[in-house]
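**Student:** Encoded as structure tokens, here's the structure I'll be asking about.
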Amino acid sequence: MQNQGYSGVEYPYANAAYSSSQWLEKEQARNRRSKWIVIGSLVAVLGLIAVGVGVGVTVAKNHKTTSNASSSSSAVQQTDPNDPSTFKLDTRLKKSFWGIAYTPEGSQYPDCGNSLDQVITDIQLLSQLTDQIRLYGADCNQTALVLEAIEQTKVNMTVWLGNYPVPTDPAPYERQRDAIIDALKTYGTDHISGITVGNEYILNYLNANGATDPNSAVGNQGAQLLIANITDTRNAVQALNLPKTIPIGTADAGSYFNTEVLEAVDYGMSNIHAWFANVSIAQAAGWVNEFFQEQNVQPAAALSNQPKMYIAETGWPSASKDAGNESNGPSIASEPNLQTFLDTFVCQANNNGTGYFFFEYFDETWKDAEFGGVEGHWGLFYSNRTLKDITIPDC
């Protein structure tokens, strides 16, 4: 394979130091200690579920009138404090990213604590970096909040909505599906690029059932559960008779796509992290590209429906909560290394036509508190929305 403009791709997958089996082990370990959106329905009170669905889009619309339509954060300045669309541009930010992964602060169900003010600030900043973002779930009214923020800031941005189901309980899927449908009814489709059903669903299912092969009998069992949700989402969206067809897809860890699932979707999104594969920062960008092409793009192209493949998340951590996890072996978690990954991946991926979502917008403090290690330190911004000591590529 040609390096497609990336550096550090001289080592093929056959090299033991960067084998795909080691990537699988690291991804499984990461999955056991970290979830991007905590599905609290397993311990939630049924009354909270009813309230969460009931307030839905109404909360976002009420916020529109009660928040004075202004950002509560000093991270962004507005010429008119009552008009979020008058925000001042930050010259350090460049619209160079194909997409960015984003979860609004305080969107972990059932402890919802997000706000329209904060989401407006996030959209003001994100819109200076990219034209599209990816959400992981729809709990805590985040779909409506994001679409409302886009409407108020008047930015050119589209969203890949997300539904984060779990195999053991249908309630989280149904709750999020209903929130997405309500948001589509309220905000329409102008700012919607797709709906992603599932995030590392097959990986989670395999881990829970003591299996490793996504296309084994166990993997196919999990696939049927996920396909049922995908089909239900497709039917629910079609019933709205929207002016455009919204693609329906799924996201999973790089080596855990089930063939039956891919045959049921319009697109797949792959989580690929060189950090968790023990790849050095010098080779990280090239490794991500090579892994994606060989493990995701080529197999998907061989299927009859040829689902479009994207990189759902990739990046490099800038710090670790503890010294024991600040190295993946050959390289450390640091802002200079984050800068290296930015410099060697972003513009090259853009030039190659790779659709990707950089991971991630800002550090998430709940991950740092709950999981430790590098989990809370993948952002371009600190958790207070201050840009890290990095230079955004200009391309």
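Each chain of the structure tokens is named A, B, ... in the order shown, its residues numbered from 1; ligands are numbered from 1 in display order.
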Residues at most 10 Å from A:Phe357, counting only C-alpha atoms, excluding those fewer than 4 positions away in the same chain, as a PyMOL selection string?
**Tutor:** chain A and resi 97-102+130+132-134+269-271+310-315+361
**Student:** Identify, on the basis of only C-alpha atoms, every residue whose closest approach to stretch 212-227 of chain A does not exceed 8 Å; exclude the query and any residue fewer than 3 positions from it along the same chain; express the result as a list in words.
**Tutor:**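 With the cut-off at 8 Å, the set is Pro167, Val197, Gly198, Tyr201, Ile202, Leu203, Tyr205, Leu206, Asn207, Asn209, Ile230, Thr231, Tyr256, Phe257, Asn258, Thr259, Glu260, Val261 and Ala264 of chain A.
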**Student:** With only C-alpha atoms as the basis for distance, which of A:Ser127, A:Thr391, A:Thr121, A:Asn384 is at the shortest distance from A:Gln339?
**Tutor:**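 Selected residue with least distance to A:Gln339: A:Thr391.
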**Student:** Give me, please, the distance in Å between atom CA of A:Phe371 and atom CA of A:Glu326, quoted to one decimal.
**Tutor:** 13.6 Å
**Student:** Name the residues in contact with A:Val155 at a cut-off of 9 Å, using only C-alpha atoms, excluding same-chain residues fewer than 3 positions from it; report them as a VMD selection string.
**Tutor:** chain A and resid 85 123 to 124 127 131 150 to 152
**Student:** Could you find all residues in stretch 97-263 of chain A that DSSP calls alpha helix (DSSP H) from the backbone, and write them as an MDAnalysis selection string?
**Tutor:** chainID A and resid 116:126 142:153 170:187 201:208 217:238 259:262
**Student:** For A:Asp322, which residue out of A:Asn350, A:Leu262, A:Ala179, A:Val374 is the nearest one, using only C-alpha atoms?
**Tutor:**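 Result for the nearest residue to A:Asp322: A:Val374.
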**Student:** Leaving out A:Glu174 and any residue of its chain fewer than 6 positions from it, which residues lie within 10 Å of it when counting only C-alpha atoms, given as a PyMOL selection string?
**Tutor:** chain A and resi 53+163+165+180+229+232-233
**Student:** Taking only C-alpha atoms into account, name the residue in A:Val346, A:Leu125, A:Leu145, A:Ala251 that is nearest to A:Asn289.
**Tutor:**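 Using only C-alpha atoms, A:Asn289 sits closest to A:Val346.
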